[in-house]
$ cat model-v1.txt   # compact mmCIF, C-alpha atoms
# COMPACT_ATOMS: atom_id res chain seq x y z
CA MET M 1 -44.78 -18.97 -19.96
CA GLU M 2 -43.36 -16.83 -22.76
CA ASN M 3 -43.17 -18.10 -26.33
CA PHE M 4 -39.58 -18.97 -27.18
CA SER M 5 -37.76 -18.98 -30.48
CA LEU M 6 -34.66 -21.14 -30.90
CA ILE M 7 -32.29 -18.17 -30.74
CA LEU M 8 -34.00 -16.91 -27.59
CA ALA M 9 -33.60 -20.31 -25.95
CA ILE M 10 -29.90 -20.29 -26.89
CA VAL M 11 -29.51 -16.83 -25.38
CA VAL M 12 -31.15 -17.87 -22.10
CA VAL M 13 -28.97 -20.99 -21.81
CA THR M 14 -25.84 -18.96 -22.60
CA ALA M 15 -26.83 -16.32 -20.05
CA LEU M 16 -27.18 -18.97 -17.37
CA ALA M 17 -23.78 -20.37 -18.41
CA PHE M 18 -22.35 -16.88 -17.88
CA ASP M 19 -24.07 -16.75 -14.49
CA PHE M 20 -22.40 -20.05 -13.59
CA THR M 21 -18.95 -18.68 -14.53
CA ASN M 22 -19.78 -15.52 -12.56
CA GLY M 23 -20.42 -17.70 -9.52
CA PHE M 24 -17.12 -19.58 -9.49
CA HIS M 25 -15.21 -16.52 -10.69
CA ASP M 26 -16.46 -14.43 -7.79
CA THR M 27 -16.52 -17.00 -4.97
CA ALA M 28 -13.29 -15.39 -3.78
CA ASN M 29 -15.10 -12.13 -3.13
CA ALA M 30 -17.00 -13.65 -0.23
CA MET M 31 -14.82 -16.47 1.01
CA ALA M 32 -11.13 -15.92 0.16
CA THR M 33 -10.28 -14.15 3.42
CA THR M 34 -12.37 -16.58 5.48
CA ILE M 35 -10.54 -19.54 3.95
CA SER M 36 -7.07 -17.97 4.17
CA THR M 37 -7.42 -17.15 7.90
CA GLY M 38 -8.86 -20.58 8.72
CA ALA M 39 -12.23 -19.28 9.90
CA LEU M 40 -13.98 -21.88 7.73
CA LYS M 41 -12.85 -24.97 5.88
CA PRO M 42 -12.84 -24.43 2.10
CA LYS M 43 -15.75 -26.72 1.20
CA VAL M 44 -17.91 -25.45 4.05
CA ALA M 45 -17.18 -21.88 3.00
CA VAL M 46 -18.25 -22.30 -0.62
CA ALA M 47 -21.41 -24.21 0.37
CA MET M 48 -22.41 -21.40 2.72
CA SER M 49 -21.66 -18.79 0.08
CA ALA M 50 -23.70 -20.64 -2.56
CA THR M 51 -26.77 -20.82 -0.32
CA LEU M 52 -26.66 -17.12 0.55
CA ASN M 53 -26.09 -16.12 -3.09
CA LEU M 54 -29.35 -17.86 -3.92
CA VAL M 55 -31.18 -16.06 -1.11
CA GLY M 56 -29.73 -12.71 -2.14
CA ALA M 57 -31.02 -13.10 -5.68
CA PHE M 58 -34.59 -12.64 -4.41
CA LEU M 59 -34.01 -9.49 -2.37
CA SER M 60 -33.98 -6.82 -5.08
CA VAL M 61 -34.30 -6.18 -8.84
CA GLU M 62 -32.82 -2.68 -8.99
CA VAL M 63 -29.53 -3.75 -10.61
CA ALA M 64 -31.38 -6.02 -13.04
CA ASN M 65 -33.43 -3.02 -14.14
CA THR M 66 -30.25 -1.00 -14.69
CA ILE M 67 -29.05 -3.64 -17.14
CA SER M 68 -32.37 -4.33 -18.89
CA LYS M 69 -33.78 -0.80 -19.01
CA GLY M 70 -30.95 1.69 -18.68
CA LEU M 71 -27.63 0.78 -20.29
CA VAL M 72 -28.68 0.28 -23.94
CA ASP M 73 -31.67 1.12 -26.11
CA GLU M 74 -34.02 -1.87 -25.97
CA SER M 75 -35.55 -1.07 -29.36
CA GLY M 76 -32.26 -1.56 -31.20
CA ILE M 77 -31.36 -4.92 -29.65
CA ARG M 78 -31.91 -8.36 -31.19
CA PRO M 79 -31.45 -11.65 -29.30
CA GLU M 80 -28.33 -12.32 -31.39
CA VAL M 81 -26.78 -9.16 -29.93
CA ILE M 82 -27.32 -10.47 -26.40
CA PHE M 83 -25.78 -13.80 -27.40
CA ALA M 84 -22.70 -12.07 -28.80
CA ALA M 85 -22.37 -9.99 -25.62
CA LEU M 86 -22.45 -13.13 -23.48
CA VAL M 87 -19.74 -14.75 -25.57
CA GLY M 88 -17.39 -11.86 -24.84
CA ALA M 89 -18.21 -11.95 -21.13
CA ILE M 90 -17.81 -15.71 -20.71
CA LEU M 91 -14.47 -15.88 -22.50
CA TRP M 92 -13.05 -13.01 -20.45
CA ASN M 93 -14.22 -14.67 -17.24
CA LEU M 94 -12.56 -17.95 -18.19
CA VAL M 95 -9.27 -16.38 -19.27
CA THR M 96 -8.90 -14.35 -16.07
CA TRP M 97 -9.92 -17.37 -13.98
CA LEU M 98 -7.20 -19.44 -15.69
CA VAL M 99 -4.50 -16.96 -14.67
CA GLY M 100 -6.04 -16.41 -11.22
CA LEU M 101 -6.87 -12.72 -11.60
CA PRO M 102 -9.93 -11.35 -9.77
CA SER M 103 -11.37 -9.26 -12.59
CA SER M 104 -14.96 -8.04 -12.76
CA SER M 105 -17.59 -10.39 -14.19
CA SER M 106 -19.99 -7.45 -14.13
CA HIS M 107 -17.79 -5.30 -16.33
CA ALA M 108 -17.16 -8.24 -18.65
CA LEU M 109 -20.91 -8.57 -19.15
CA MET M 110 -21.45 -4.87 -19.68
CA GLY M 111 -18.40 -4.61 -21.94
CA GLY M 112 -19.70 -7.44 -24.11
CA LEU M 113 -23.15 -5.84 -24.23
CA ILE M 114 -21.76 -2.44 -25.18
CA GLY M 115 -19.50 -3.85 -27.92
CA ALA M 116 -22.22 -6.03 -29.43
CA THR M 117 -24.75 -3.19 -29.30
CA ILE M 118 -22.41 -0.74 -31.02
CA ALA M 119 -21.62 -3.32 -33.71
CA SER M 120 -25.35 -3.88 -34.29
CA ALA M 121 -26.98 -0.47 -33.82
CA GLY M 122 -24.19 2.10 -33.50
CA THR M 123 -22.95 4.19 -30.60
CA GLY M 124 -26.28 5.98 -30.27
CA ALA M 125 -27.85 2.81 -28.87
CA VAL M 126 -25.65 2.98 -25.76
CA HIS M 127 -26.81 5.38 -23.05
CA GLY M 128 -23.60 7.15 -22.17
CA ASP M 129 -24.96 8.90 -19.11
CA VAL M 130 -25.99 5.61 -17.50
CA LEU M 131 -22.63 4.06 -18.44
CA VAL M 132 -20.74 6.87 -16.70
CA THR M 133 -22.90 7.39 -13.62
CA LYS M 134 -23.90 3.81 -12.82
CA VAL M 135 -20.95 1.81 -14.16
CA LEU M 136 -17.70 3.74 -14.61
CA LEU M 137 -17.88 6.04 -11.58
CA PRO M 138 -18.78 3.19 -9.20
CA ALA M 139 -15.92 1.17 -10.71
CA VAL M 140 -13.45 3.85 -9.66
CA ALA M 141 -15.08 4.75 -6.37
CA ALA M 142 -15.83 1.25 -5.05
CA PRO M 143 -12.27 0.03 -4.37
CA ILE M 144 -11.27 3.39 -2.90
CA VAL M 145 -14.28 3.67 -0.58
CA ALA M 146 -14.09 0.00 0.45
CA GLY M 147 -10.30 0.23 0.91
CA VAL M 148 -10.43 3.29 3.16
CA ALA M 149 -13.30 1.80 5.17
CA ALA M 150 -11.43 -1.50 5.60
CA MET M 151 -8.21 0.25 6.64
CA LEU M 152 -10.03 2.25 9.33
CA ALA M 153 -12.02 -0.81 10.43
CA THR M 154 -8.80 -2.83 10.74
CA ARG M 155 -7.21 -0.23 12.97
CA PHE M 156 -10.36 -0.06 15.06
CA SER M 157 -10.46 -3.87 15.36
CA TYR M 158 -6.86 -4.00 16.59
CA ALA M 159 -7.56 -1.18 19.03
CA LEU M 160 -10.52 -3.09 20.47
CA SER M 161 -8.47 -6.26 20.94
CA ARG M 162 -5.33 -4.56 22.21
CA ASN M 163 -5.76 -5.81 25.79
CA ALA M 164 -7.50 -9.07 24.94
CA ASP M 165 -6.02 -12.53 25.06
CA GLY M 166 -4.46 -13.18 21.66
CA LYS M 167 -6.03 -16.58 21.01
CA ALA M 168 -9.42 -15.51 22.32
CA ALA M 169 -9.37 -12.39 20.13
CA ASP M 170 -8.46 -14.41 17.05
CA LYS M 171 -11.27 -16.86 17.78
CA GLY M 172 -13.78 -14.08 18.24
CA PHE M 173 -12.82 -12.34 15.01
CA ARG M 174 -12.97 -15.65 13.14
CA VAL M 175 -16.58 -16.01 14.28
CA GLY M 176 -17.17 -12.44 13.14
CA GLN M 177 -15.59 -13.33 9.80
CA ILE M 178 -18.10 -16.10 9.25
CA ALA M 179 -20.96 -13.64 9.78
CA SER M 180 -19.38 -10.96 7.58
CA ALA M 181 -18.58 -13.51 4.85
CA GLY M 182 -22.23 -14.52 4.86
CA LEU M 183 -23.18 -10.88 4.48
CA VAL M 184 -20.85 -10.51 1.47
CA SER M 185 -22.37 -13.62 -0.11
CA LEU M 186 -25.85 -12.24 0.43
CA ALA M 187 -24.77 -8.91 -1.05
CA HIS M 188 -23.20 -10.69 -4.02
CA GLY M 189 -26.52 -12.38 -4.75
CA THR M 190 -28.36 -9.06 -4.63
CA ASN M 191 -25.89 -7.52 -7.09
CA ASP M 192 -24.29 -10.04 -9.44
CA ALA M 193 -27.16 -12.54 -9.83
CA GLN M 194 -29.32 -9.62 -10.89
CA LYS M 195 -27.05 -8.82 -13.82
CA THR M 196 -27.93 -12.11 -15.45
CA MET M 197 -31.59 -11.50 -14.63
CA GLY M 198 -31.27 -8.17 -16.40
CA ILE M 199 -29.60 -9.64 -19.48
CA ILE M 200 -32.21 -12.42 -19.81
CA THR M 201 -35.01 -9.89 -19.36
CA LEU M 202 -33.44 -7.72 -22.06
CA ALA M 203 -33.31 -10.74 -24.38
CA LEU M 204 -36.98 -11.55 -23.68
CA ILE M 205 -37.92 -7.96 -24.50
CA ALA M 206 -35.79 -8.02 -27.66
CA GLY M 207 -37.42 -11.29 -28.73
CA GLY M 208 -40.91 -9.92 -28.14
CA SER M 209 -41.69 -12.41 -25.38
CA ILE M 210 -42.45 -9.80 -22.73
CA ALA M 211 -43.41 -6.13 -22.86
CA PRO M 212 -40.80 -3.35 -22.75
CA ASP M 213 -39.95 -2.01 -19.27
CA SER M 214 -41.00 -5.29 -17.65
CA ASP M 215 -39.38 -6.49 -14.42
CA PRO M 216 -37.65 -9.90 -14.48
CA PRO M 217 -40.20 -12.76 -14.38
CA THR M 218 -40.07 -15.05 -11.36
CA TRP M 219 -38.62 -17.97 -13.32
CA VAL M 220 -35.76 -15.71 -14.47
CA ILE M 221 -34.99 -14.73 -10.87
CA LEU M 222 -35.03 -18.35 -9.73
CA SER M 223 -32.92 -19.74 -12.58
CA ALA M 224 -30.33 -16.96 -12.28
CA GLY M 225 -30.08 -17.48 -8.53
CA LEU M 226 -29.62 -21.24 -8.94
CA ALA M 227 -26.99 -20.84 -11.67
CA ILE M 228 -24.83 -18.44 -9.67
CA ALA M 229 -25.23 -20.61 -6.55
CA MET M 230 -24.05 -23.71 -8.42
CA GLY M 231 -21.05 -21.85 -9.80
CA THR M 232 -20.21 -20.55 -6.35
CA TYR M 233 -20.30 -24.07 -4.91
CA ILE M 234 -17.83 -25.28 -7.55
CA GLY M 235 -15.39 -22.74 -6.12
CA GLY M 236 -13.03 -20.57 -8.18
CA TRP M 237 -10.00 -21.85 -6.29
CA ARG M 238 -7.41 -20.08 -8.46
CA ILE M 239 -8.89 -16.67 -7.70
CA ILE M 240 -9.50 -17.58 -4.05
CA ARG M 241 -5.77 -18.30 -3.81
CA THR M 242 -4.85 -14.91 -5.28
CA MET M 243 -7.33 -12.95 -3.18
CA GLY M 244 -6.57 -14.77 0.06
CA LYS M 245 -2.80 -15.20 -0.23
CA GLY M 246 -1.57 -13.19 -3.18
CA LEU M 247 -2.53 -9.62 -2.23
CA THR M 248 -1.54 -9.53 1.43
CA ASP M 249 -1.24 -11.75 4.50
CA LEU M 250 -4.46 -11.45 6.47
CA ARG M 251 -5.22 -12.15 10.11
CA PRO M 252 -8.72 -12.63 11.52
CA GLN M 253 -9.10 -8.96 12.54
CA GLN M 254 -8.22 -7.88 9.01
CA GLY M 255 -10.45 -10.47 7.37
CA PHE M 256 -13.40 -9.35 9.46
CA ALA M 257 -12.77 -5.68 8.67
CA ALA M 258 -12.32 -6.34 4.93
CA GLN M 259 -15.49 -8.37 4.52
CA THR M 260 -17.68 -6.07 6.61
CA SER M 261 -16.53 -3.01 4.68
CA ALA M 262 -17.05 -4.68 1.31
CA ALA M 263 -20.52 -5.92 2.25
CA ALA M 264 -21.60 -2.44 3.30
CA VAL M 265 -20.44 -0.94 -0.01
CA ILE M 266 -22.06 -3.69 -2.13
CA LEU M 267 -25.41 -3.57 -0.33
CA ALA M 268 -25.55 0.21 -0.56
CA SER M 269 -24.87 0.08 -4.31
CA SER M 270 -27.52 -2.60 -4.85
CA HIS M 271 -30.09 -0.48 -3.03
CA ILE M 272 -29.59 2.49 -5.35
CA GLY M 273 -29.18 0.42 -8.53
CA PHE M 274 -25.46 0.89 -9.18
CA SER M 275 -24.10 -2.01 -11.23
CA LEU M 276 -21.11 -2.29 -8.94
CA SER M 277 -18.27 -4.75 -9.38
CA THR M 278 -18.13 -6.84 -6.22
CA THR M 279 -14.60 -7.81 -7.23
CA HIS M 280 -13.48 -4.19 -7.14
CA ALA M 281 -15.09 -3.61 -3.75
CA VAL M 282 -13.68 -6.75 -2.13
CA SER M 283 -10.21 -6.35 -3.64
CA GLY M 284 -10.07 -2.76 -2.42
CA SER M 285 -11.16 -3.81 1.06
CA VAL M 286 -8.51 -6.57 1.20
CA MET M 287 -5.78 -4.11 0.26
CA GLY M 288 -7.11 -1.59 2.77
CA ALA M 289 -7.09 -4.24 5.49
CA GLY M 290 -3.52 -5.12 4.56
CA LEU M 291 -2.44 -1.50 4.96
CA GLY M 292 -4.47 -1.07 8.16
CA ARG M 293 -2.38 -3.47 10.25
CA LYS M 294 0.87 -2.19 11.67
CA GLY M 295 3.60 -3.97 9.77
CA GLY M 296 1.22 -5.21 7.09
CA VAL M 297 2.05 -4.72 3.43
CA VAL M 298 0.29 -5.18 0.10
CA ARG M 299 2.00 -7.13 -2.67
CA TRP M 300 1.86 -4.41 -5.28
CA SER M 301 3.16 -6.66 -8.06
CA THR M 302 -0.01 -8.74 -7.74
CA ALA M 303 -2.15 -5.62 -7.31
CA THR M 304 -0.67 -4.10 -10.47
CA ARG M 305 -1.55 -7.15 -12.55
CA MET M 306 -5.04 -6.98 -11.11
CA PHE M 307 -5.41 -3.27 -11.94
CA VAL M 308 -4.32 -3.95 -15.53
CA ALA M 309 -6.97 -6.69 -15.81
CA TRP M 310 -9.59 -4.29 -14.46
CA GLY M 311 -8.68 -1.70 -17.07
CA LEU M 312 -8.79 -4.24 -19.90
CA THR M 313 -12.06 -5.91 -18.91
CA LEU M 314 -14.56 -3.52 -20.53
CA PRO M 315 -12.67 -2.95 -23.82
CA ALA M 316 -11.58 -6.60 -24.21
CA ALA M 317 -15.07 -8.00 -23.64
CA ALA M 318 -16.50 -5.26 -25.88
CA LEU M 319 -14.12 -6.19 -28.69
CA VAL M 320 -14.99 -9.90 -28.50
CA GLY M 321 -18.69 -9.03 -28.27
CA ALA M 322 -18.47 -6.80 -31.34
CA LEU M 323 -16.62 -9.44 -33.35
CA ALA M 324 -19.11 -12.10 -32.32
CA GLU M 325 -22.01 -9.84 -33.32
CA SER M 326 -20.47 -9.22 -36.74
CA VAL M 327 -20.42 -12.99 -37.30
CA THR M 328 -23.92 -13.67 -35.95
CA ASP M 329 -25.19 -10.92 -38.26
CA LEU M 330 -24.40 -13.24 -41.18
CA GLY M 331 -27.36 -15.47 -40.33
CA ASP M 332 -28.08 -18.73 -38.56
CA TRP M 333 -24.84 -20.33 -39.68
CA GLY M 334 -22.94 -17.36 -38.24
CA THR M 335 -24.64 -17.82 -34.87
CA ALA M 336 -23.81 -21.53 -34.99
CA LEU M 337 -20.18 -20.72 -35.78
CA VAL M 338 -19.94 -18.39 -32.78
CA ALA M 339 -21.51 -21.05 -30.55
CA VAL M 340 -18.96 -23.63 -31.72
CA PHE M 341 -16.14 -21.16 -31.12
CA LEU M 342 -17.38 -20.49 -27.58
CA ILE M 343 -17.61 -24.19 -26.73
CA ALA M 344 -14.21 -24.98 -28.27
CA SER M 345 -12.48 -22.07 -26.54
CA SER M 346 -14.03 -22.90 -23.16
CA THR M 347 -12.96 -26.53 -23.50
CA ALA M 348 -9.40 -25.53 -24.42
CA ILE M 349 -9.15 -23.25 -21.38
CA TRP M 350 -10.39 -26.04 -19.11
CA ILE M 351 -7.82 -28.49 -20.54
CA VAL M 352 -5.00 -26.01 -19.95
CA SER M 353 -6.19 -25.48 -16.36
CA ARG M 354 -5.76 -29.22 -15.67
CA ARG M 355 -1.99 -28.90 -16.05
CA GLN M 356 -1.79 -27.23 -12.64
CA VAL M 357 -4.83 -28.08 -10.55
CA VAL M 358 -5.86 -25.73 -7.75
CA ASP M 359 -8.64 -26.97 -5.49
CA ALA M 360 -9.81 -27.05 -1.88
CA SER M 361 -6.92 -29.29 -0.86
CA ASN M 362 -4.11 -26.91 -1.88
CA VAL M 363 -5.71 -23.47 -2.10
CA ASN M 364 -3.74 -22.18 0.91
CA GLU M 365 -0.45 -23.84 -0.06
CA PHE M 366 0.81 -20.83 -1.96
CA GLU M 367 2.79 -17.69 -1.36
CA GLU M 368 2.90 -14.97 -3.99
CA PRO M 369 6.47 -13.74 -4.52
CA ALA M 370 6.88 -10.16 -3.37
CA GLY M 371 7.92 -7.48 -5.80
CA VAL M 372 10.54 -4.78 -5.36
CA VAL M 373 8.16 -2.24 -3.80
CA THR M 374 6.75 -4.75 -1.33
CA ALA M 375 10.24 -5.89 -0.31
CA ALA M 376 11.34 -2.30 0.29
CA ILE M 377 8.27 -1.51 2.40
CA ALA M 378 8.67 -4.68 4.45
CA ALA M 379 12.31 -3.83 5.12
CA VAL M 380 11.53 -0.46 6.73
CA THR M 381 8.16 -1.22 8.36
CA PRO M 382 8.21 -2.11 12.07
CA PRO M 383 6.93 -5.60 12.86
CA PRO M 384 3.36 -5.92 14.19
CA SER M 385 2.52 -6.34 17.84
CA VAL M 386 -0.04 -8.77 19.22
CA ALA M 387 -1.71 -8.95 22.59
CA LEU M 388 -0.80 -11.62 25.15
CA SER M 389 -3.06 -13.10 27.77
CA GLU M 390 -1.88 -10.82 30.62
CA GLY M 391 -2.36 -7.54 28.78
CA LEU M 392 1.26 -7.35 27.64
CA THR M 393 2.32 -7.05 24.06
CA ALA M 394 4.95 -8.93 22.17
CA THR M 395 6.57 -8.12 18.85
CA ILE M 396 6.45 -10.76 16.19
CA PRO M 397 9.33 -10.62 13.73
CA SER M 398 8.15 -10.10 10.19
CA PRO M 399 8.92 -13.05 7.93
CA PRO M 400 11.69 -12.47 5.41
CA VAL M 401 10.48 -11.35 2.00
CA ASN M 402 11.73 -13.69 -0.72
CA PRO M 403 14.71 -14.94 1.33
CA ALA M 404 17.69 -15.91 -0.74
CA PRO M 405 18.21 -19.69 -0.88
CA VAL M 406 21.01 -21.05 1.26
CA VAL M 407 23.40 -23.05 -0.87
CA LYS M 408 25.93 -25.28 0.77
CA SER M 409 29.15 -25.17 -1.17
CA ASP M 410 31.61 -28.02 -1.42
CA PRO M 411 34.56 -27.48 0.93
CA ALA M 412 36.84 -28.08 -2.01
CA THR M 413 35.22 -25.36 -4.02
CA PRO M 414 36.88 -21.93 -3.82
CA PRO M 415 34.59 -19.23 -2.33
CA ALA M 416 34.59 -17.24 -5.52
CA ALA M 417 33.05 -20.12 -7.40
CA ALA M 418 30.16 -20.68 -4.99
CA VAL M 419 26.76 -19.58 -6.26
$ encode --input "model-v1.txt" --output "structure tokens"
Amino acid sequence: MENFSLILAIVVVTALAFDFTNGFHDTANAMATTISTGALKPKVAVAMSATLNLVGAFLSVEVANTISKGLVDESGIRPEVIFAALVGAILWNLVTWLVGLPSSSSHALMGGLIGATIASAGTGAVHGDVLVTKVLLPAVAAPIVAGVAAMLATRFSYALSRNADGKAADKGFRVGQIASAGLVSLAHGTNDAQKTMGIITLALIAGGSIAPDSDPPTWVILSAGLAIAMGTYIGGWRIIRTMGKGLTDLRPQQGFAAQTSAAAVILASSHIGFSLSTTHAVSGSVMGAGLGRKGGVVRWSTATRMFVAWGLTLPAAALVGALAESVTDLGDWGTALVAVFLIASSTAIWIVSRRQVVDASNVNEFEEPAGVVTAAIAAVTPPPSVALSEGLTATIPSPPVNPAPVVKSDPATPPAAAV
């Protein structure tokens, strides 16, 4: 076992706390569509996802090596820098969880690391080529690739079930959803759990506990896998609600197509060491599945808020990480002050979240109001068709988008005064 200093122990504990927030923040990536279509009950879904996240953590270390060996210069990093980076990442995760936005935990971590590193050692300590090729380009490409794949897969799924009994087809695709959701959870473990492994390994190298260019020790892999699994089991119900109900209305064929497409993109990126955002991949696949069904629409008002959060993640986490590093640089009392600030801020966010509780009992009892663009698209899009048991098709009327409330006026009230 490595020799630990107090600051190194604090960094490891904080990294595992980040891993825990990553778990409940990203539970929606694997299970939101499965829960929203009724393929699995909410508690069963998160338990399954937690188990497979833990398994996935042991399958590869390529992404961990990207974080610990490629993104920043190891020689210019102190454990306090890693601590400051984690503060920025955790706070961004909690804020976006509070408002139910599926932002990227991965980019929050890397943003915090970049900001803290620049504040400590200057811009030269950040490897710009790795940042562009293995972080920024995948961030742009992942939702597009996953979205196009999910749109095509959705159309193919509907084509396959065109002449099938409607209820039987839905049941079959729900079973397929369970398998594809498991694959996404496994992929999430191979990608996101490794990021915490990488950050802990970087801290151990910075603290002189292990040699430079070392792979993550076994205890790091195990602890990171357990932390993300525990967070996943808690369930980030606010983000599950947004991903499952807020972006589009999904049916089993779409859920299956979205999850399969996202899993393929995530696993491919893990294999080649891209520090991909699973949130970007899954969100893109959900939107693609929404567009792939005839008559389906995407709620672009929700999507726009999500895109804004994506764009702010790296710079916001970097700014907090840089500020935290400037305080920790003042000495032990500065590090203690940052730790107190992190605990106090996290507690305040949790207290605010209790004002409107979202959990397994009400996660599906929500409809995101449609914006102007969504309403216009729904008004001109033909309603979807579904297969009946005898090979015929029937048209299902699309539900009204934000129907105006019906107000019964008093008979004695003149029409002009009715609201």
$ residues_around --input "model-v1.txt" --residues "segment 77-79 of chain M" --least-positions-apart "6" --cutoff "7 Å" --atoms "all atoms listed in the file" --output "PyMOL selection string"
chain M and resi 7-8+11+117+203+206-207
$ closest_residue --input "model-v1.txt" --among "M:Met110, M:Val175, M:Met230, M:Ala264" --to "Asp19 of chain M" --atoms "all atoms listed in the file"
M:Met230
$ atom_distance --input "model-v1.txt" --atom1 "atom CA of Leu222 of chain M" --atom2 "atom CA of Ile178 of chain M"
25.5 Å
$ axis_aligned_box --input "model-v1.txt" --around "segment 127-145 of chain M" --padding-each-side "8 Å" --output "AutoDock Vina command-line options"
--center_x -19.0 --center_y 4.5 --center_z -11.8 --size_x 31.5 --size_y 24.9 --size_z 38.5
$ residues_around --input "model-v1.txt" --residues "segment 137-150 of chain M" --least-positions-apart "3" --cutoff "10 Å" --atoms "only C-alpha atoms" --output "JSON, numbers by chain"
{"M": [104, 107, 131, 132, 133, 134, 153, 154, 155, 156, 254, 255, 256, 257, 258, 259, 260, 261, 262, 263, 264, 265, 266, 269, 274, 275, 276, 277, 278, 279, 280, 281, 282, 283, 284, 285, 286, 287, 288, 289, 290, 291, 292, 310]}
$ closest_atom_pairs --input "model-v1.txt" --of "segment 187-303 of chain M" --to "segment 344-356 of chain M" --cutoff "12 Å" --atoms "all atoms listed in the file" --output "JSON lines"
{"residue": "M:Gly236", "atom": "CA", "partner": "M:Ser353", "partner_atom": "CA", "distance": 11.7}
{"residue": "M:Trp237", "atom": "CA", "partner": "M:Ser353", "partner_atom": "CA", "distance": 11.4}
{"residue": "M:Arg238", "atom": "CA", "partner": "M:Ser353", "partner_atom": "CA", "distance": 9.6}
$ write_last_selection --input "model-v1.txt" --atoms "C-alpha atoms" --output "PDB file, in the coordinates of the input"
ATOM      1  CA  GLY M 236     -13.030 -20.570  -8.180  1.00  0.00           C
ATOM      2  CA  TRP M 237     -10.000 -21.850  -6.290  1.00  0.00           C
ATOM      3  CA  ARG M 238      -7.410 -20.080  -8.460  1.00  0.00           C
TER       4      ARG M 238
END
$ residues_near_point --input "model-v1.txt" --point "(-6.7, -16.9, -14.8)" --cutoff "10 Å" --atoms "all atoms listed in the file" --output "VMD selection string"
chain M and resid 25 92 to 103 236 238 to 239 242 349 353
$ atom_distance --input "model-v1.txt" --atom1 "atom CA of Leu16 of chain M" --atom2 "atom CA of Ala268 of chain M"
25.6 Å
$ atom_distance --input "model-v1.txt" --atom1 "atom CA of Ala336 of chain M" --atom2 "atom CA of Ser105 of chain M"
24.4 Å
$ residues_around --input "model-v1.txt" --residues "Ala121 of chain M" --least-positions-apart "4" --cutoff "10 Å" --atoms "all atoms listed in the file" --output "list in words"
Asp73, Ser75, Gly76, Ile77, Arg78, Val81, Ala116, Thr117, Ala125 and Val126 of chain M
$ closest_residue --input "model-v1.txt" --among "M:Met243, M:Val44, M:Ala316, M:Leu267" --to "Val298 of chain M" --atoms "all atoms listed in the file"
M:Met243
